[in-house]
Structures are given as C-alpha cells and as structure tokens.
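Next comes structure-v6.txt, with compact mmCIF, C-alpha atoms.
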# COMPACT_ATOMS: atom_id res chain seq x y z
CA MET A 3 -26.62 39.42 -20.43
CA GLU A 4 -28.63 42.20 -22.09
CA GLU A 5 -27.37 45.64 -23.15
CA THR A 6 -29.32 48.58 -24.65
CA PHE A 7 -27.95 50.71 -27.49
CA GLN A 8 -29.92 53.49 -29.27
CA GLY A 9 -33.18 52.10 -27.93
CA GLN A 10 -32.49 48.56 -29.04
CA THR A 11 -31.78 45.65 -26.73
CA PHE A 12 -29.04 43.19 -27.60
CA LYS A 13 -28.13 39.92 -25.92
CA VAL A 14 -24.42 39.80 -25.29
CA LYS A 15 -22.71 36.49 -24.48
CA LYS A 16 -19.54 36.82 -22.48
CA THR A 17 -17.04 33.99 -22.30
CA MET A 18 -14.24 33.37 -19.85
CA PRO A 19 -10.83 34.43 -21.21
CA LEU A 20 -8.51 31.55 -22.14
CA ARG A 21 -5.93 32.59 -19.54
CA ARG A 22 -8.54 32.46 -16.79
CA LYS A 23 -9.70 29.04 -17.98
CA LEU A 24 -6.14 27.74 -17.83
CA LEU A 25 -5.61 29.16 -14.35
CA LEU A 26 -8.87 27.58 -13.19
CA ALA A 27 -7.87 24.22 -14.67
CA VAL A 28 -4.46 24.40 -12.95
CA PHE A 29 -6.13 25.31 -9.64
CA ILE A 30 -8.53 22.35 -9.88
CA LEU A 31 -5.66 20.00 -10.75
CA LEU A 32 -3.63 21.23 -7.76
CA CYS A 33 -6.64 20.71 -5.49
CA ILE A 34 -7.03 17.14 -6.75
CA LEU A 35 -3.32 16.42 -6.23
CA LEU A 36 -3.50 17.91 -2.73
CA LEU A 37 -6.49 15.73 -1.84
CA LEU A 38 -4.71 12.63 -3.14
CA PHE A 39 -1.61 13.50 -1.11
CA ILE A 40 -3.66 14.06 2.03
CA ALA A 41 -5.54 10.81 1.48
CA ARG A 42 -2.24 8.98 1.12
CA GLU A 43 -0.78 10.49 4.26
CA ILE A 44 -3.82 10.04 6.52
CA TYR A 45 -4.74 6.60 5.22
CA ASP A 46 -2.84 5.09 8.15
CA ILE A 47 -5.81 5.44 10.46
CA GLY A 48 -6.55 3.18 13.39
CA TYR A 49 -4.79 2.77 16.71
CA ARG A 50 -1.67 1.24 18.24
CA ARG A 51 -2.06 -1.90 20.32
CA GLY A 52 -0.25 -5.11 21.22
CA ILE A 53 -1.29 -8.72 20.63
CA ALA A 54 0.51 -11.70 22.15
CA GLY A 55 0.93 -15.15 20.64
CA ILE A 56 0.86 -14.39 16.89
CA ARG A 57 2.67 -17.19 15.06
CA ASP A 58 5.35 -16.97 12.38
CA PRO A 59 4.26 -16.94 8.71
CA ILE A 60 3.86 -20.28 6.93
CA GLN A 61 5.63 -20.60 3.58
CA THR A 62 5.56 -23.70 1.35
CA PRO A 63 6.73 -24.28 -2.24
CA ALA A 64 4.12 -23.70 -4.94
CA GLU A 65 3.74 -23.69 -8.69
CA GLY A 66 1.43 -21.82 -10.99
CA ARG A 67 0.85 -18.44 -12.53
CA THR A 68 -1.80 -15.93 -13.46
CA HIS A 69 -2.15 -12.84 -15.62
CA ILE A 70 -3.23 -9.29 -14.79
CA SER A 71 -4.08 -6.39 -17.09
CA SER A 72 -4.17 -2.96 -15.47
CA PHE A 73 -3.66 0.53 -16.94
CA PHE A 74 -2.25 -1.00 -20.15
CA PHE A 75 0.22 -3.13 -18.19
CA ASN A 76 0.26 -6.79 -19.24
CA VAL A 77 1.52 -8.59 -16.16
CA ASN A 78 2.53 -12.22 -15.65
CA VAL A 79 2.45 -13.31 -12.00
CA THR A 80 4.43 -16.45 -11.12
CA TYR A 81 3.78 -18.23 -7.81
CA GLU A 82 6.99 -18.94 -5.88
CA TYR A 83 5.56 -20.03 -2.51
CA ALA A 84 2.16 -20.48 -0.96
CA TYR A 85 2.00 -17.98 1.87
CA ASP A 86 -0.12 -17.77 5.02
CA ILE A 87 0.68 -14.83 7.29
CA GLU A 88 -1.09 -13.72 10.45
CA GLY A 89 -0.11 -10.40 11.91
CA LEU A 90 -0.87 -7.18 13.73
CA VAL A 91 -1.20 -4.25 11.34
CA VAL A 92 1.30 -1.64 12.49
CA HIS A 93 1.13 0.74 9.52
CA THR A 94 -0.55 1.10 6.13
CA ARG A 95 0.11 3.22 3.07
CA ARG A 96 -2.12 3.73 0.04
CA TYR A 97 -0.62 4.45 -3.37
CA PHE A 98 -2.37 6.29 -6.17
CA GLY A 99 -1.36 6.38 -9.79
CA PHE A 100 -0.69 4.28 -12.82
CA ARG A 101 2.74 5.44 -13.98
CA GLN A 102 4.51 2.51 -12.31
CA MET A 103 3.47 -1.13 -12.52
CA SER A 104 3.71 -1.49 -8.74
CA ASP A 105 1.13 1.26 -8.16
CA ALA A 106 -1.16 -0.10 -10.88
CA ILE A 107 -1.38 -3.66 -9.54
CA SER A 108 -0.61 -3.13 -5.83
CA PRO A 109 -2.16 0.10 -4.56
CA MET A 110 -1.60 -0.66 -0.87
CA ASP A 111 1.26 -1.69 1.44
CA VAL A 112 0.53 -3.21 4.84
CA GLY A 113 3.12 -3.44 7.61
CA LEU A 114 2.65 -6.52 9.80
CA ALA A 115 4.26 -7.67 13.05
CA TRP A 116 4.11 -10.94 14.96
CA GLY A 117 5.83 -12.61 17.92
CA ARG A 118 7.15 -10.29 20.63
CA VAL A 119 7.19 -7.31 18.25
CA ALA A 120 3.40 -7.51 18.02
CA GLU A 121 3.08 -8.32 21.74
CA TYR A 122 5.07 -5.26 22.86
CA ASN A 123 3.81 -2.88 20.19
CA ASP A 124 1.58 -1.10 22.72
CA ARG A 125 4.46 -0.63 25.18
CA ILE A 126 7.23 0.26 22.73
CA ASP A 127 6.82 3.13 20.32
CA PHE A 128 8.47 1.74 17.19
CA ASN A 129 7.52 4.89 15.23
CA TRP A 130 6.33 2.86 12.26
CA ASP A 131 6.17 4.62 8.91
CA HIS A 132 6.29 3.95 5.17
CA GLY A 133 8.72 5.49 2.71
CA ASP A 134 9.64 4.50 -0.86
CA ARG A 135 7.41 1.44 -0.47
CA CYS A 136 9.40 0.24 2.54
CA LEU A 137 8.32 -0.16 6.17
CA ILE A 138 10.45 1.96 8.46
CA PHE A 139 10.75 1.77 12.25
CA GLU A 140 12.77 3.76 14.77
CA PRO A 141 12.39 2.39 18.33
CA GLU A 142 12.30 5.07 21.00
CA ASN A 143 15.56 3.81 22.52
CA ALA A 144 17.83 0.76 22.74
CA LEU A 145 16.55 -0.12 26.21
CA ALA A 146 13.00 -0.37 24.91
CA LEU A 147 14.12 -2.57 22.02
CA ALA A 148 15.78 -4.96 24.48
CA LYS A 149 12.30 -5.95 25.68
CA VAL A 150 11.71 -7.86 22.43
CA GLY A 151 15.28 -9.17 22.13
CA ASP A 152 17.46 -7.29 19.65
CA LEU A 153 17.37 -5.60 16.28
CA ASN A 154 17.69 -8.89 14.38
CA TYR A 155 14.69 -10.33 16.20
CA CYS A 156 12.69 -7.24 15.39
CA ILE A 157 13.61 -7.39 11.69
CA SER A 158 12.65 -11.07 11.48
CA HIS A 159 9.26 -10.48 13.10
CA MET A 160 7.91 -7.67 10.96
CA SER A 161 7.45 -7.20 7.25
CA ASN A 162 6.24 -4.79 4.63
CA ASN A 163 3.78 -6.45 2.28
CA HIS A 164 2.90 -5.26 -1.22
CA LEU A 165 -0.62 -6.62 -1.67
CA ILE A 166 -1.88 -7.63 -5.13
CA PRO A 167 -5.61 -8.49 -4.88
CA ALA A 168 -6.74 -11.61 -6.72
CA ASP A 169 -10.21 -10.22 -7.42
CA PHE A 170 -12.61 -7.38 -6.62
CA GLY A 171 -13.81 -8.97 -3.36
CA VAL A 172 -10.26 -9.30 -2.05
CA SER A 173 -9.50 -5.74 -3.17
CA HIS A 174 -12.48 -4.47 -1.16
CA LYS A 175 -11.27 -6.27 1.98
CA ILE A 176 -7.73 -4.94 1.55
CA LYS A 177 -9.08 -1.39 1.45
CA MET A 178 -10.75 -2.03 4.82
CA ILE A 179 -7.45 -2.90 6.58
CA ARG A 180 -6.50 -0.42 9.29
CA ARG A 181 -3.69 -0.03 11.81
CA GLY A 182 -4.43 -2.12 14.90
CA ASP A 183 -6.25 -4.87 12.98
CA HIS A 184 -5.37 -8.49 13.59
CA ILE A 185 -5.52 -10.08 10.16
CA ARG A 186 -4.61 -13.20 8.24
CA LEU A 187 -3.58 -13.09 4.58
CA LYS A 188 -3.49 -16.13 2.32
CA GLY A 189 -2.03 -16.26 -1.14
CA TYR A 190 1.34 -16.55 -2.84
CA LEU A 191 4.73 -14.91 -2.74
CA VAL A 192 5.24 -14.03 -6.38
CA SER A 193 7.60 -12.77 -9.01
CA VAL A 194 6.04 -10.29 -11.39
CA TYR A 195 6.98 -9.45 -14.97
CA GLY A 196 5.12 -6.76 -16.85
CA THR A 197 5.23 -4.84 -20.11
CA ARG A 198 3.58 -1.63 -21.26
CA TRP A 199 4.24 0.04 -24.60
CA GLY A 200 7.34 -2.10 -25.07
CA ARG A 201 8.84 -1.26 -21.69
CA GLU A 202 9.63 -4.20 -19.38
CA THR A 203 9.35 -4.18 -15.58
CA ALA A 204 10.13 -6.90 -13.03
CA TRP A 205 9.19 -7.13 -9.36
CA ASP A 206 10.29 -10.02 -7.12
CA SER A 207 9.13 -10.90 -3.65
CA SER A 208 11.44 -11.53 -0.75
CA THR A 209 11.24 -15.14 0.38
CA SER A 210 12.99 -14.66 3.73
CA ARG A 211 11.95 -12.94 6.93
CA ASN A 212 15.55 -12.12 7.87
CA ASP A 213 16.51 -9.79 5.04
CA GLN A 214 16.34 -6.01 5.01
CA GLY A 215 16.58 -3.16 2.56
CA LEU A 216 14.77 -2.32 -0.67
CA THR A 217 14.42 -5.96 -1.73
CA ALA A 218 13.18 -7.25 1.64
CA CYS A 219 9.46 -6.67 1.08
CA GLU A 220 7.01 -9.48 0.41
CA VAL A 221 5.00 -9.21 -2.81
CA ILE A 222 1.83 -11.18 -2.08
CA TYR A 223 -0.82 -12.19 -4.57
CA VAL A 224 -3.66 -12.20 -2.02
CA THR A 225 -6.48 -14.71 -2.44
CA ASP A 226 -8.10 -14.25 0.99
CA VAL A 227 -8.20 -11.67 3.78
CA GLU A 228 -9.51 -12.61 7.23
CA PHE A 229 -10.09 -10.18 10.10
CA LEU A 230 -9.43 -12.18 13.26
CA ASP A 231 -10.68 -9.71 15.89
Please re-express this file's structure in structure tokens.
Amino acid sequence: MEETFQGQTFKVKKTMPLRRKLLLAVFILLCILLLLFIAREIYDIGYRRGIAGIRDPIQTPAEGRTHISSFFFNVNVTYEYAYDIEGLVVHTRRYFGFRQMSDAISPMDVGLAWGRVAEYNDRIDFNWDHGDRCLIFEPENALALAKVGDLNYCISHMSNNHLIPADFGVSHKIKMIRRGDHIRLKGYLVSVYGTRWGRETAWDSSTSRNDQGLTACEVIYVTDVEFLD
C-alpha cells in the first residue's frame, strides 16, 4: 500500500493484528472439526435391504501375532481365532483421531447381520445406529421382532466389528464398505496390547455371538475383504 506525505511516496506494509489472526485460526479449526463431525455422521451412506440365506460366521482356533505402529502407538496383535464372517452391512461408522489406540488402528466399525435378521432387514426397521463404538438397534415394535424369532436370536445374528486392516490394500477396501453391501471378511479375532509414551492400553475381541454390552464387539484383524454382490 502506498501513502503520500509532503510530496513523497512511502510504501506502507500493514499486517493483520494478532487478535484477528487468532480468531481466524480458531474459525478455521472449528470449520475443520465441523467437517470431520459431518463426515463421521453421514458416512453411513447406502441403502437398507434384506438378503436371505447368509450363513453363521466360522471361527476356528489360531495362533500367531503381528505388530502395528500407528501415531506413536506400539501395538502387539495376538491371534485368538481365525475368523470368516459373511454378512449384510446394516450400519457403518468412521472414526477420526489418534488420541485413543482404537481410533488409531481401527478407524471404522461395520455392523453386520446374517440369518433371519439379514433376511428381514428390508421389512423390519431395526433403526440401526452406532454409539460409543457399539452397534445399537431399536426394532419398531415387538410384533415386528417376532418375525425373526426373539431378542436373543437377533442379538446372536448381528455384530459390531472393529476392523483393523492388515495392509493398505485391505484398508482401501474397508473404506469402500457401505450400508446394504453383502460382504465377506477374513482374518482373525484378536487381543490387542499397545503402549504410547509409557501408557498401556488393552483391547480384546469378543469370541461369542451371544454376548452383549460394551465387550460384545468383535475386534478383527482383517486380511481380506470380498464384496459378494
């Protein structure tokens, strides 16, 4: 910017006040956080449908382990069971961040259903949702739930799955999963032990389809993702 004083021209450089810079930085940060929140909430895209004849998951004893380093977490992954699950995707949730080990190594949860739960998913509104890394469902009414059997049957034929990709290719496929997909996941149910800056964290997979609550989710080290139709 140029200003004239007593016939002489001076170039004046104006800078943004520190307070304005801070406000701008806070505004940009809030916009980024809002976009991340929106992306998380709308990530469950796709459509609701039903698929008949999906089998129960196959689980067999396994041994072995691997190691993961992510966001300064040093993570030991121990195989508990080889796991092969086919299912209808009823809900997904993406997680962003690196504060917790779970978010750093498993940025996506996928809700799967099989048996009559998957078959009747287009006729019964289960109101699937994710909260606190759990899969939640609220059937429209008890009469509708009776079409699949009872609450225990429903619980044993759906699962929330914390997916840990084995490599970049698997990670790319996991990011493509959408509600309504018919998929098959292969890998291992695992127990996870991690440290970062001296702090220890453990995460264990459920090994039963009949449990419920905060410890009922499957933690799967995924080695292959197959889209069946």
Task: Selection: 8 Å around segment 167-182 of chain A, only C-alpha atoms, excl. self and same-chain fewer than 2 positions, as an MDAnalysis selection string - done: chainID A and resid 46:51 90:94 107:108 110 165 184 223:227
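Across the structure, atom CA of Phe100 of chain A and atom CA of Leu114 of chain A are spaced 25.3 Å apart.
For the residues A:Leu35, A:Asp127, A:Gly215, A:Ile87, ranking by smallest atom-to-atom distance to Asn143 of chain A using only C-alpha atoms places A:Asp127 first.
In this model, the gap between atom CA of Gly113 of chain A and atom CA of His69 of chain A comes to 25.6 Å.
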Task: Å distance separating atom CA of Asp152 of chain A from atom CA of Leu187 of chain A, one decimal place - done: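 Those two atoms sit 26.5 Å apart.
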- [ ] Do a neighbour search on Phe98 of chain A at 7 Å with only C-alpha atoms, toss out local chain neighbours closer than 2 positions, and write the hits as a list in words.
- [x]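 The contact residues come out as Arg96, Asp105 and Pro109 of chain A.
With distances taken over all atoms listed in the file, A:Val112 is the one residue among A:Val192, A:Ile222, A:Ile157, A:Val112 lying closest to Arg95 of chain A.
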